[in-house]
file data19.pdb (PDB, C-alpha atoms)
MODEL        1
ATOM      1  CA  MET I  62       0.000   0.000   0.000  1.00  0.00           C
ATOM      2  CA  GLY I  63       2.990   2.289   0.398  1.00  0.00           C
ATOM      3  CA  THR I  64       4.022   4.667   3.156  1.00  0.00           C
ATOM      4  CA  PRO I  65       1.795   7.537   4.382  1.00  0.00           C
ATOM      5  CA  ALA I  66       4.171  10.011   2.738  1.00  0.00           C
ATOM      6  CA  ALA I  67       3.869   8.164  -0.565  1.00  0.00           C
ATOM      7  CA  ARG I  68       0.077   8.103  -0.319  1.00  0.00           C
ATOM      8  CA  ASP I  69       0.000  11.834   0.504  1.00  0.00           C
ATOM      9  CA  SER I  70       2.181  12.624  -2.487  1.00  0.00           C
ATOM     10  CA  ALA I  71      -0.395  10.931  -4.723  1.00  0.00           C
ATOM     11  CA  VAL I  72      -3.123  13.330  -3.527  1.00  0.00           C
ATOM     12  CA  PRO I  73      -3.231  16.645  -5.445  1.00  0.00           C
ATOM     13  CA  LYS I  74      -1.879  19.515  -3.386  1.00  0.00           C
ATOM     14  CA  TYR I  75      -5.138  21.480  -3.510  1.00  0.00           C
ATOM     15  CA  LEU I  76      -7.028  18.522  -2.025  1.00  0.00           C
ATOM     16  CA  GLN I  77      -4.442  18.238   0.764  1.00  0.00           C
ATOM     17  CA  ILE I  78      -4.970  21.924   1.571  1.00  0.00           C
ATOM     18  CA  ALA I  79      -8.760  21.584   1.358  1.00  0.00           C
ATOM     19  CA  GLU I  80      -8.713  18.640   3.745  1.00  0.00           C
ATOM     20  CA  GLY I  81      -6.456  20.502   6.185  1.00  0.00           C
ATOM     21  CA  LEU I  82      -8.802  23.491   6.262  1.00  0.00           C
ATOM     22  CA  ALA I  83     -11.859  21.227   6.443  1.00  0.00           C
ATOM     23  CA  GLN I  84     -10.372  19.525   9.500  1.00  0.00           C
ATOM     24  CA  GLN I  85      -9.881  22.919  11.156  1.00  0.00           C
ATOM     25  CA  ILE I  86     -13.544  23.707  10.469  1.00  0.00           C
ATOM     26  CA  ARG I  87     -14.744  20.355  11.833  1.00  0.00           C
ATOM     27  CA  GLU I  88     -12.661  20.757  14.986  1.00  0.00           C
ATOM     28  CA  GLY I  89     -13.839  24.328  15.555  1.00  0.00           C
ATOM     29  CA  VAL I  90     -10.411  25.871  15.037  1.00  0.00           C
ATOM     30  CA  LEU I  91     -12.131  27.875  12.312  1.00  0.00           C
ATOM     31  CA  ALA I  92     -15.493  28.776  13.843  1.00  0.00           C
ATOM     32  CA  PRO I  93     -18.784  29.415  11.998  1.00  0.00           C
ATOM     33  CA  GLY I  94     -18.736  32.915  10.518  1.00  0.00           C
ATOM     34  CA  GLU I  95     -14.945  33.219  10.873  1.00  0.00           C
ATOM     35  CA  GLN I  96     -12.877  34.301   7.893  1.00  0.00           C
ATOM     36  CA  VAL I  97     -10.711  31.648   6.278  1.00  0.00           C
ATOM     37  CA  PRO I  98      -6.983  32.540   6.430  1.00  0.00           C
ATOM     38  CA  SER I  99      -5.698  34.620   3.530  1.00  0.00           C
ATOM     39  CA  GLU I 100      -4.023  33.005   0.532  1.00  0.00           C
ATOM     40  CA  ALA I 101      -0.621  34.091   1.850  1.00  0.00           C
ATOM     41  CA  GLU I 102      -1.347  32.551   5.266  1.00  0.00           C
ATOM     42  CA  VAL I 103      -2.532  29.276   3.728  1.00  0.00           C
ATOM     43  CA  ILE I 104       0.580  29.079   1.526  1.00  0.00           C
ATOM     44  CA  LYS I 105       2.766  29.687   4.577  1.00  0.00           C
ATOM     45  CA  GLN I 106       1.002  26.881   6.469  1.00  0.00           C
ATOM     46  CA  TYR I 107       0.567  24.299   3.717  1.00  0.00           C
ATOM     47  CA  GLY I 108       2.798  25.371   0.833  1.00  0.00           C
ATOM     48  CA  GLY I 109       1.633  25.484  -2.769  1.00  0.00           C
ATOM     49  CA  SER I 110       0.777  28.406  -5.032  1.00  0.00           C
ATOM     50  CA  VAL I 111      -1.988  31.008  -5.178  1.00  0.00           C
ATOM     51  CA  GLY I 112      -3.745  28.975  -7.879  1.00  0.00           C
ATOM     52  CA  THR I 113      -3.558  25.836  -5.729  1.00  0.00           C
ATOM     53  CA  VAL I 114      -5.044  27.644  -2.730  1.00  0.00           C
ATOM     54  CA  ARG I 115      -7.885  29.012  -4.838  1.00  0.00           C
ATOM     55  CA  LYS I 116      -8.689  25.507  -6.075  1.00  0.00           C
ATOM     56  CA  ALA I 117      -8.719  24.327  -2.448  1.00  0.00           C
ATOM     57  CA  ILE I 118     -11.168  27.080  -1.433  1.00  0.00           C
ATOM     58  CA  ALA I 119     -13.355  26.187  -4.428  1.00  0.00           C
ATOM     59  CA  GLU I 120     -13.379  22.601  -3.159  1.00  0.00           C
ATOM     60  CA  LEU I 121     -14.556  23.781   0.263  1.00  0.00           C
ATOM     61  CA  ARG I 122     -17.315  25.841  -1.368  1.00  0.00           C
ATOM     62  CA  THR I 123     -18.472  22.804  -3.309  1.00  0.00           C
ATOM     63  CA  ALA I 124     -18.526  20.822  -0.067  1.00  0.00           C
ATOM     64  CA  GLY I 125     -20.719  23.509   1.499  1.00  0.00           C
ATOM     65  CA  LEU I 126     -18.193  24.416   4.191  1.00  0.00           C
ATOM     66  CA  VAL I 127     -17.358  27.988   3.189  1.00  0.00           C
ATOM     67  CA  GLU I 128     -18.857  30.854   1.227  1.00  0.00           C
ATOM     68  CA  THR I 129     -16.930  33.527  -0.648  1.00  0.00           C
ATOM     69  CA  HIS I 130     -17.978  37.181  -0.783  1.00  0.00           C
ATOM     70  CA  HIS I 131     -16.456  39.317  -3.510  1.00  0.00           C
ATOM     71  CA  GLY I 132     -13.948  41.776  -2.109  1.00  0.00           C
ATOM     72  CA  ARG I 133     -14.216  40.382   1.432  1.00  0.00           C
ATOM     73  CA  GLY I 134     -12.832  36.851   1.293  1.00  0.00           C
ATOM     74  CA  SER I 135     -14.083  33.396   2.281  1.00  0.00           C
ATOM     75  CA  PHE I 136     -15.911  32.593   5.505  1.00  0.00           C
ATOM     76  CA  VAL I 137     -16.928  29.420   7.319  1.00  0.00           C
ATOM     77  CA  LYS I 138     -20.656  28.889   6.904  1.00  0.00           C
ATOM     78  CA  ARG I 139     -22.664  29.762   9.983  1.00  0.00           C
ATOM     79  CA  ARG I 140     -25.324  27.054  10.017  1.00  0.00           C
ATOM     80  CA  PRO I 141     -26.700  24.154   7.976  1.00  0.00           C
ATOM     81  CA  PRO I 142     -29.290  24.817   5.246  1.00  0.00           C
ATOM     82  CA  VAL I 143     -32.856  25.679   6.217  1.00  0.00           C
ATOM     83  CA  ARG I 144     -35.226  22.769   5.620  1.00  0.00           C
ATOM     84  CA  ARG I 145     -38.219  24.447   4.035  1.00  0.00           C
ATOM     85  CA  LYS I 146     -41.330  22.348   4.560  1.00  0.00           C
ATOM     86  CA  SER I 147     -43.928  23.599   2.113  1.00  0.00           C
ATOM     87  CA  SER I 148     -46.596  21.461   3.768  1.00  0.00           C
ATOM     88  CA  ASP I 149     -46.120  23.414   7.013  1.00  0.00           C
ATOM     89  CA  ARG I 150     -45.023  26.975   6.237  1.00  0.00           C
ATOM     90  CA  PHE I 151     -48.363  28.017   4.705  1.00  0.00           C
ATOM     91  CA  ARG I 152     -50.605  26.690   7.458  1.00  0.00           C
ATOM     92  CA  ARG I 153     -53.538  28.974   8.236  1.00  0.00           C
ATOM     93  CA  SER I 154     -52.765  28.564  11.939  1.00  0.00           C
ATOM     94  CA  HIS I 155     -49.493  30.451  11.416  1.00  0.00           C
ATOM     95  CA  ARG I 156     -51.342  33.345   9.794  1.00  0.00           C
ATOM     96  CA  LYS I 157     -53.939  33.428  12.569  1.00  0.00           C
ATOM     97  CA  ALA I 158     -51.073  33.640  15.041  1.00  0.00           C
ATOM     98  CA  GLY I 159     -49.804  36.698  13.143  1.00  0.00           C
ATOM     99  CA  LYS I 160     -46.842  34.927  11.564  1.00  0.00           C
ATOM    100  CA  ALA I 161     -46.023  35.184   7.883  1.00  0.00           C
ATOM    101  CA  ALA I 162     -44.506  32.052   6.323  1.00  0.00           C
ATOM    102  CA  TYR I 163     -40.921  33.289   6.517  1.00  0.00           C
ATOM    103  CA  LEU I 164     -41.227  34.167  10.202  1.00  0.00           C
ATOM    104  CA  ALA I 165     -42.784  30.800  11.085  1.00  0.00           C
ATOM    105  CA  GLU I 166     -40.031  29.009   9.202  1.00  0.00           C
ATOM    106  CA  SER I 167     -37.255  31.023  10.872  1.00  0.00           C
ATOM    107  CA  GLU I 168     -38.627  30.286  14.345  1.00  0.00           C
ATOM    108  CA  GLN I 169     -38.407  26.571  13.647  1.00  0.00           C
ATOM    109  CA  THR I 170     -34.755  26.822  12.603  1.00  0.00           C
ATOM    110  CA  GLY I 171     -33.704  29.148  15.425  1.00  0.00           C
ATOM    111  CA  SER I 172     -32.405  31.823  13.057  1.00  0.00           C
ATOM    112  CA  THR I 173     -33.083  35.549  13.258  1.00  0.00           C
ATOM    113  CA  PRO I 174     -35.069  36.732  10.215  1.00  0.00           C
ATOM    114  CA  SER I 175     -35.185  40.175   8.666  1.00  0.00           C
ATOM    115  CA  VAL I 176     -36.494  41.614   5.417  1.00  0.00           C
ATOM    116  CA  ASN I 177     -35.614  44.572   3.225  1.00  0.00           C
ATOM    117  CA  VAL I 178     -38.567  45.761   1.140  1.00  0.00           C
ATOM    118  CA  LEU I 179     -37.152  46.807  -2.231  1.00  0.00           C
ATOM    119  CA  TYR I 180     -40.330  47.919  -4.000  1.00  0.00           C
ATOM    120  CA  VAL I 181     -44.091  48.028  -3.494  1.00  0.00           C
ATOM    121  CA  GLY I 182     -46.260  49.462  -6.242  1.00  0.00           C
ATOM    122  CA  PRO I 183     -47.865  49.042  -9.643  1.00  0.00           C
ATOM    123  CA  MET I 184     -46.128  47.188 -12.443  1.00  0.00           C
ATOM    124  CA  GLU I 185     -47.002  45.829 -15.863  1.00  0.00           C
ATOM    125  CA  ALA I 186     -47.299  42.054 -15.635  1.00  0.00           C
ATOM    126  CA  PRO I 187     -44.437  40.239 -17.424  1.00  0.00           C
ATOM    127  CA  GLU I 188     -45.572  37.634 -19.939  1.00  0.00           C
ATOM    128  CA  GLU I 189     -44.970  34.533 -17.779  1.00  0.00           C
ATOM    129  CA  ILE I 190     -46.606  36.149 -14.735  1.00  0.00           C
ATOM    130  CA  ALA I 191     -49.578  37.343 -16.803  1.00  0.00           C
ATOM    131  CA  GLU I 192     -50.102  33.816 -18.103  1.00  0.00           C
ATOM    132  CA  ARG I 193     -50.188  32.414 -14.580  1.00  0.00           C
ATOM    133  CA  LEU I 194     -52.608  35.153 -13.431  1.00  0.00           C
ATOM    134  CA  THR I 195     -54.673  34.628 -16.613  1.00  0.00           C
ATOM    135  CA  VAL I 196     -54.451  38.296 -17.599  1.00  0.00           C
ATOM    136  CA  GLU I 197     -53.033  39.983 -20.690  1.00  0.00           C
ATOM    137  CA  PRO I 198     -49.289  40.772 -20.655  1.00  0.00           C
ATOM    138  CA  GLY I 199     -48.792  44.371 -19.583  1.00  0.00           C
ATOM    139  CA  THR I 200     -51.879  44.387 -17.356  1.00  0.00           C
ATOM    140  CA  LYS I 201     -51.386  46.464 -14.207  1.00  0.00           C
ATOM    141  CA  VAL I 202     -50.630  44.343 -11.136  1.00  0.00           C
ATOM    142  CA  LEU I 203     -49.285  45.079  -7.678  1.00  0.00           C
ATOM    143  CA  ALA I 204     -45.663  44.023  -7.237  1.00  0.00           C
ATOM    144  CA  ARG I 205     -44.055  43.468  -3.846  1.00  0.00           C
ATOM    145  CA  ARG I 206     -40.306  42.821  -4.036  1.00  0.00           C
ATOM    146  CA  ARG I 207     -38.375  41.775  -0.925  1.00  0.00           C
ATOM    147  CA  LEU I 208     -34.890  40.642   0.043  1.00  0.00           C
ATOM    148  CA  TYR I 209     -34.852  38.203   2.963  1.00  0.00           C
ATOM    149  CA  PHE I 210     -32.040  37.678   5.464  1.00  0.00           C
ATOM    150  CA  SER I 211     -31.233  34.967   7.990  1.00  0.00           C
ATOM    151  CA  ASP I 212     -28.897  36.041  10.794  1.00  0.00           C
ATOM    152  CA  GLY I 213     -27.961  39.043   8.663  1.00  0.00           C
ATOM    153  CA  ILE I 214     -27.055  36.975   5.583  1.00  0.00           C
ATOM    154  CA  PRO I 215     -29.137  37.435   2.409  1.00  0.00           C
ATOM    155  CA  THR I 216     -30.810  34.157   1.483  1.00  0.00           C
ATOM    156  CA  GLU I 217     -33.544  34.852  -1.050  1.00  0.00           C
ATOM    157  CA  GLU I 218     -35.184  37.541  -3.146  1.00  0.00           C
ATOM    158  CA  ALA I 219     -38.895  37.303  -3.876  1.00  0.00           C
ATOM    159  CA  THR I 220     -41.369  39.308  -5.925  1.00  0.00           C
ATOM    160  CA  SER I 221     -45.101  38.796  -5.416  1.00  0.00           C
ATOM    161  CA  TYR I 222     -47.461  39.786  -8.227  1.00  0.00           C
ATOM    162  CA  LEU I 223     -51.121  40.285  -7.288  1.00  0.00           C
ATOM    163  CA  PRO I 224     -54.134  41.158  -9.480  1.00  0.00           C
ATOM    164  CA  TRP I 225     -54.946  44.859  -9.194  1.00  0.00           C
ATOM    165  CA  ASP I 226     -58.698  44.300  -8.852  1.00  0.00           C
ATOM    166  CA  VAL I 227     -58.070  41.994  -5.886  1.00  0.00           C
ATOM    167  CA  VAL I 228     -55.759  44.310  -3.925  1.00  0.00           C
ATOM    168  CA  LYS I 229     -56.756  47.850  -4.902  1.00  0.00           C
ATOM    169  CA  ASP I 230     -59.117  48.147  -1.910  1.00  0.00           C
ATOM    170  CA  ILE I 231     -56.746  46.526   0.608  1.00  0.00           C
ATOM    171  CA  PRO I 232     -54.551  49.418   1.834  1.00  0.00           C
ATOM    172  CA  GLU I 233     -52.239  47.156   3.863  1.00  0.00           C
ATOM    173  CA  MET I 234     -51.092  45.553   0.602  1.00  0.00           C
ATOM    174  CA  PHE I 235     -49.463  48.840  -0.397  1.00  0.00           C
ATOM    175  CA  ALA I 236     -47.540  49.188   2.881  1.00  0.00           C
ATOM    176  CA  GLU I 237     -44.017  47.858   3.381  1.00  0.00           C
ATOM    177  CA  ASN I 238     -45.345  45.830   6.321  1.00  0.00           C
ATOM    178  CA  PRO I 239     -48.744  44.347   5.426  1.00  0.00           C
ATOM    179  CA  GLY I 240     -49.382  43.365   9.053  1.00  0.00           C
ATOM    180  CA  GLY I 241     -49.456  40.153  11.077  1.00  0.00           C
ATOM    181  CA  GLY I 242     -49.719  36.997   9.008  1.00  0.00           C
ATOM    182  CA  GLY I 243     -48.465  38.733   5.872  1.00  0.00           C
ATOM    183  CA  ILE I 244     -50.222  39.225   2.561  1.00  0.00           C
ATOM    184  CA  TYR I 245     -51.991  35.859   2.682  1.00  0.00           C
ATOM    185  CA  ALA I 246     -53.749  36.888   5.901  1.00  0.00           C
ATOM    186  CA  ARG I 247     -54.878  40.142   4.267  1.00  0.00           C
ATOM    187  CA  LEU I 248     -56.152  38.283   1.198  1.00  0.00           C
ATOM    188  CA  GLU I 249     -58.227  35.903   3.309  1.00  0.00           C
ATOM    189  CA  GLU I 250     -59.622  38.726   5.449  1.00  0.00           C
ATOM    190  CA  HIS I 251     -61.066  40.192   2.250  1.00  0.00           C
ATOM    191  CA  GLY I 252     -62.813  37.045   1.098  1.00  0.00           C
ATOM    192  CA  ASN I 253     -60.038  35.296  -0.848  1.00  0.00           C
ATOM    193  CA  THR I 254     -59.911  31.949   0.938  1.00  0.00           C
ATOM    194  CA  LEU I 255     -56.723  30.145  -0.074  1.00  0.00           C
ATOM    195  CA  ALA I 256     -57.178  26.500  -0.991  1.00  0.00           C
ATOM    196  CA  GLU I 257     -53.821  25.398  -2.411  1.00  0.00           C
ATOM    197  CA  TYR I 258     -50.381  26.461  -3.563  1.00  0.00           C
ATOM    198  CA  VAL I 259     -48.635  25.219  -6.693  1.00  0.00           C
ATOM    199  CA  GLU I 260     -44.849  25.519  -6.906  1.00  0.00           C
ATOM    200  CA  THR I 261     -42.576  25.142  -9.923  1.00  0.00           C
ATOM    201  CA  VAL I 262     -38.927  24.591  -8.987  1.00  0.00           C
ATOM    202  CA  ARG I 263     -35.778  24.535 -11.072  1.00  0.00           C
ATOM    203  CA  ALA I 264     -32.069  24.924 -10.427  1.00  0.00           C
ATOM    204  CA  ARG I 265     -29.733  27.149 -12.448  1.00  0.00           C
ATOM    205  CA  LEU I 266     -26.659  29.332 -12.087  1.00  0.00           C
ATOM    206  CA  ALA I 267     -27.121  32.762 -10.554  1.00  0.00           C
ATOM    207  CA  THR I 268     -27.129  35.771 -12.834  1.00  0.00           C
ATOM    208  CA  LYS I 269     -24.639  38.565 -12.192  1.00  0.00           C
ATOM    209  CA  GLN I 270     -27.393  40.628 -10.533  1.00  0.00           C
ATOM    210  CA  GLU I 271     -28.449  37.703  -8.305  1.00  0.00           C
ATOM    211  CA  THR I 272     -24.829  36.991  -7.364  1.00  0.00           C
ATOM    212  CA  SER I 273     -24.512  40.573  -6.166  1.00  0.00           C
ATOM    213  CA  GLY I 274     -27.911  40.786  -4.454  1.00  0.00           C
ATOM    214  CA  LEU I 275     -27.505  37.524  -2.538  1.00  0.00           C
ATOM    215  CA  SER I 276     -23.740  37.945  -1.883  1.00  0.00           C
ATOM    216  CA  LEU I 277     -22.981  34.680  -3.674  1.00  0.00           C
ATOM    217  CA  SER I 278     -19.696  33.349  -4.963  1.00  0.00           C
ATOM    218  CA  PRO I 279     -19.314  33.620  -8.761  1.00  0.00           C
ATOM    219  CA  GLY I 280     -20.855  30.602 -10.482  1.00  0.00           C
ATOM    220  CA  SER I 281     -23.062  29.711  -7.515  1.00  0.00           C
ATOM    221  CA  PRO I 282     -26.287  27.776  -8.129  1.00  0.00           C
ATOM    222  CA  VAL I 283     -29.691  29.132  -7.134  1.00  0.00           C
ATOM    223  CA  ILE I 284     -33.140  27.637  -6.724  1.00  0.00           C
ATOM    224  CA  HIS I 285     -35.704  29.441  -8.877  1.00  0.00           C
ATOM    225  CA  LEU I 286     -39.133  28.819  -7.373  1.00  0.00           C
ATOM    226  CA  VAL I 287     -42.401  30.195  -8.747  1.00  0.00           C
ATOM    227  CA  ARG I 288     -45.503  29.741  -6.577  1.00  0.00           C
ATOM    228  CA  GLU I 289     -49.179  30.282  -7.346  1.00  0.00           C
ATOM    229  CA  ALA I 290     -51.601  30.932  -4.487  1.00  0.00           C
ATOM    230  CA  ILE I 291     -55.028  29.651  -5.527  1.00  0.00           C
ATOM    231  CA  THR I 292     -58.382  30.349  -3.869  1.00  0.00           C
ATOM    232  CA  ASP I 293     -61.246  27.946  -3.270  1.00  0.00           C
ATOM    233  CA  THR I 294     -62.880  29.351  -6.411  1.00  0.00           C
ATOM    234  CA  GLY I 295     -59.850  28.402  -8.491  1.00  0.00           C
ATOM    235  CA  ARG I 296     -58.474  31.897  -9.017  1.00  0.00           C
ATOM    236  CA  VAL I 297     -54.739  32.608  -8.805  1.00  0.00           C
ATOM    237  CA  VAL I 298     -54.482  35.654  -6.529  1.00  0.00           C
ATOM    238  CA  GLU I 299     -50.701  35.741  -6.220  1.00  0.00           C
ATOM    239  CA  VAL I 300     -47.684  34.606  -8.189  1.00  0.00           C
ATOM    240  CA  CYS I 301     -44.464  34.702  -6.170  1.00  0.00           C
ATOM    241  CA  ASP I 302     -41.216  34.581  -8.148  1.00  0.00           C
ATOM    242  CA  THR I 303     -38.391  33.631  -5.772  1.00  0.00           C
ATOM    243  CA  VAL I 304     -34.652  33.169  -6.233  1.00  0.00           C
ATOM    244  CA  MET I 305     -32.979  31.324  -3.362  1.00  0.00           C
ATOM    245  CA  ALA I 306     -29.315  30.658  -2.564  1.00  0.00           C
ATOM    246  CA  ALA I 307     -29.210  26.921  -3.287  1.00  0.00           C
ATOM    247  CA  ASP I 308     -26.727  26.100  -0.533  1.00  0.00           C
ATOM    248  CA  LYS I 309     -28.939  27.652   2.149  1.00  0.00           C
ATOM    249  CA  PHE I 310     -32.125  25.644   1.610  1.00  0.00           C
ATOM    250  CA  VAL I 311     -33.431  22.103   1.433  1.00  0.00           C
ATOM    251  CA  LEU I 312     -36.924  21.926  -0.072  1.00  0.00           C
ATOM    252  CA  ASP I 313     -39.125  19.357   1.653  1.00  0.00           C
ATOM    253  CA  TYR I 314     -42.407  18.361  -0.029  1.00  0.00           C
ATOM    254  CA  ARG I 315     -45.160  16.111   1.233  1.00  0.00           C
ATOM    255  CA  ILE I 316     -47.114  14.390  -1.542  1.00  0.00           C
ATOM    256  CA  ALA I 317     -50.258  12.365  -0.951  1.00  0.00           C
ATOM    257  CA  ALA I 318     -50.514   9.009  -2.702  1.00  0.00           C
ATOM    258  CA  GLY I 319     -53.317   8.909  -5.266  1.00  0.00           C
ATOM    259  CA  ASP I 320     -55.536   6.044  -6.311  1.00  0.00           C
TER     260      ASP I 320
ENDMDL
END
call {"tool": "encode", "arguments": {"input": "data19.pdb", "output": "structure tokens"}}
result
Amino acid sequence: MGTPAARDSAVPKYLQIAEGLAQQIREGVLAPGEQVPSEAEVIKQYGGSVGTVRKAIAELRTAGLVETHHGRGSFVKRRPPVRRKSSDRFRRSHRKAGKAAYLAESEQTGSTPSVNVLYVGPMEAPEEIAERLTVEPGTKVLARRRLYFSDGIPTEEATSYLPWDVVKDIPEMFAENPGGGGIYARLEEHGNTLAEYVETVRARLATKQETSGLSLSPGSPVIHLVREAITDTGRVVEVCDTVMAADKFVLDYRIAAGD
């Protein structure tokens, strides 16, 4: 089998460095949220070149151990991904308790949520959104665009599109904070009883704008989720277009077995 030194020499240098840093993370030498040593410091400790160190950091990103922020460096990830249970987060009981879906979800994971409202106001419905709302493209809708944070780290950006005739007489819908229970609570208070939600999910690489907005490493994957909120009369009263940092979420679906 050969000596340990011989076996080590067969392992690429960048993998040796990645494993050394990974061991420091596992042992708590590098704590969650702590910055990974600079390239110069890593070279001094492990040897190699700048290119080798960068490949090692890329390996740690792929393994989900670190995240890189442009201009700031690489940091040990703070906590494991949020397990988003779609069968639970939209329960009416949460809304009645004054909790919007994101708040209810954050409480279950023990993280501290916050939201930055980027825009609330009228917008012409894009073609795909108009099709889902069964209106003509360009029809006026209400758009609510938000950037969500968990423990101060941006995790997802979401834009809700709502039919103008449904929301025009609900003043809370035009406020940055729509009140306890969120927009779904306001919809139901005005006679739009929600019966089901339909989600379309795909994975892709982040755009340049998404990389910047979510503080992602270049080339990072995202989850692109589009949800329709449907009333008991069959009308779609909201389409929510969400881009999520793929490494920060696990999507958990519960599907009933049919006949």
call {"tool": "resolve_selection", "arguments": {"input": "data19.pdb", "expression": "the PyMOL selection byres ((chain I and resi 157) around 12)", "output": "list of chain:residue names"}}
result
I:Phe151, I:Arg152, I:Arg153, I:Ser154, I:His155, I:Arg156, I:Ala158, I:Gly159, I:Lys160, I:Ala161, I:Ala162, I:Ala165, I:Gly240, I:Gly241, I:Gly242, I:Gly243, I:Tyr245, I:Ala246, I:Arg247, I:Glu249, I:Glu250
call {"tool": "atom_distance", "arguments": {"input": "data19.pdb", "atom1": "atom CA of Thr294 of chain I", "atom2": "atom CA of Tyr258 of chain I"}}
result
13.1 Å
call {"tool": "closest_residue", "arguments": {"input": "data19.pdb", "among": "I:Thr129, I:Ser281, I:Thr254, I:Thr200", "to": "Ala267 of chain I", "atoms": "all atoms listed in the file"}}
result
I:Ser281
call {"tool": "resolve_selection", "arguments": {"input": "data19.pdb", "expression": "the PyMOL selection byres ((chain I and resi 222) around 12)", "output": "PyMOL selection string"}}
result
chain I and resi 180-187+189-194+196+200-207+219-221+223-225+227-228+234+244+287-290+297-303
call {"tool": "resolve_selection", "arguments": {"input": "data19.pdb", "expression": "the PyMOL selection byres ((chain I and resi 128) around 9)", "output": "NGL selection string"}}
result
:I and (118 or 121-122 or 125-127 or 129-130 or 134-138 or 277-278)
call {"tool": "atom_distance", "arguments": {"input": "data19.pdb", "atom1": "atom CA of Lys74 of chain I", "atom2": "atom CA of Leu91 of chain I"}}
result
20.5 Å
call {"tool": "atom_distance", "arguments": {"input": "data19.pdb", "atom1": "atom CA of Asp293 of chain I", "atom2": "atom CA of Tyr314 of chain I"}}
result
21.4 Å
call {"tool": "closest_residue", "arguments": {"input": "data19.pdb", "among": "I:Val90, I:Leu312, I:Leu208, I:Glu188", "to": "Pro174 of chain I", "atoms": "all atoms listed in the file"}}
result
I:Leu208
call {"tool": "residues_around", "arguments": {"input": "data19.pdb", "residues": "Pro282 of chain I", "least_positions_apart": "4", "cutoff": "10 Å", "atoms": "only C-alpha atoms", "output": "list in words"}}
result
Ala264, Arg265, Leu266, Ala267, Thr268, Thr272, Leu277, Ser278, Met305, Ala306, Ala307 and Asp308 of chain I
call {"tool": "residues_around", "arguments": {"input": "data19.pdb", "residues": "segment 111-113 of chain I", "least_positions_apart": "5", "cutoff": "12 Å", "atoms": "all atoms listed in the file", "output": "list in words"}}
result
Pro73, Lys74, Tyr75, Leu76, Gln77, Ile78, Ala79, Ser99, Glu100, Ala101, Glu102, Val103, Ile104, Lys105, Ile118, Ala119 and Glu120 of chain I
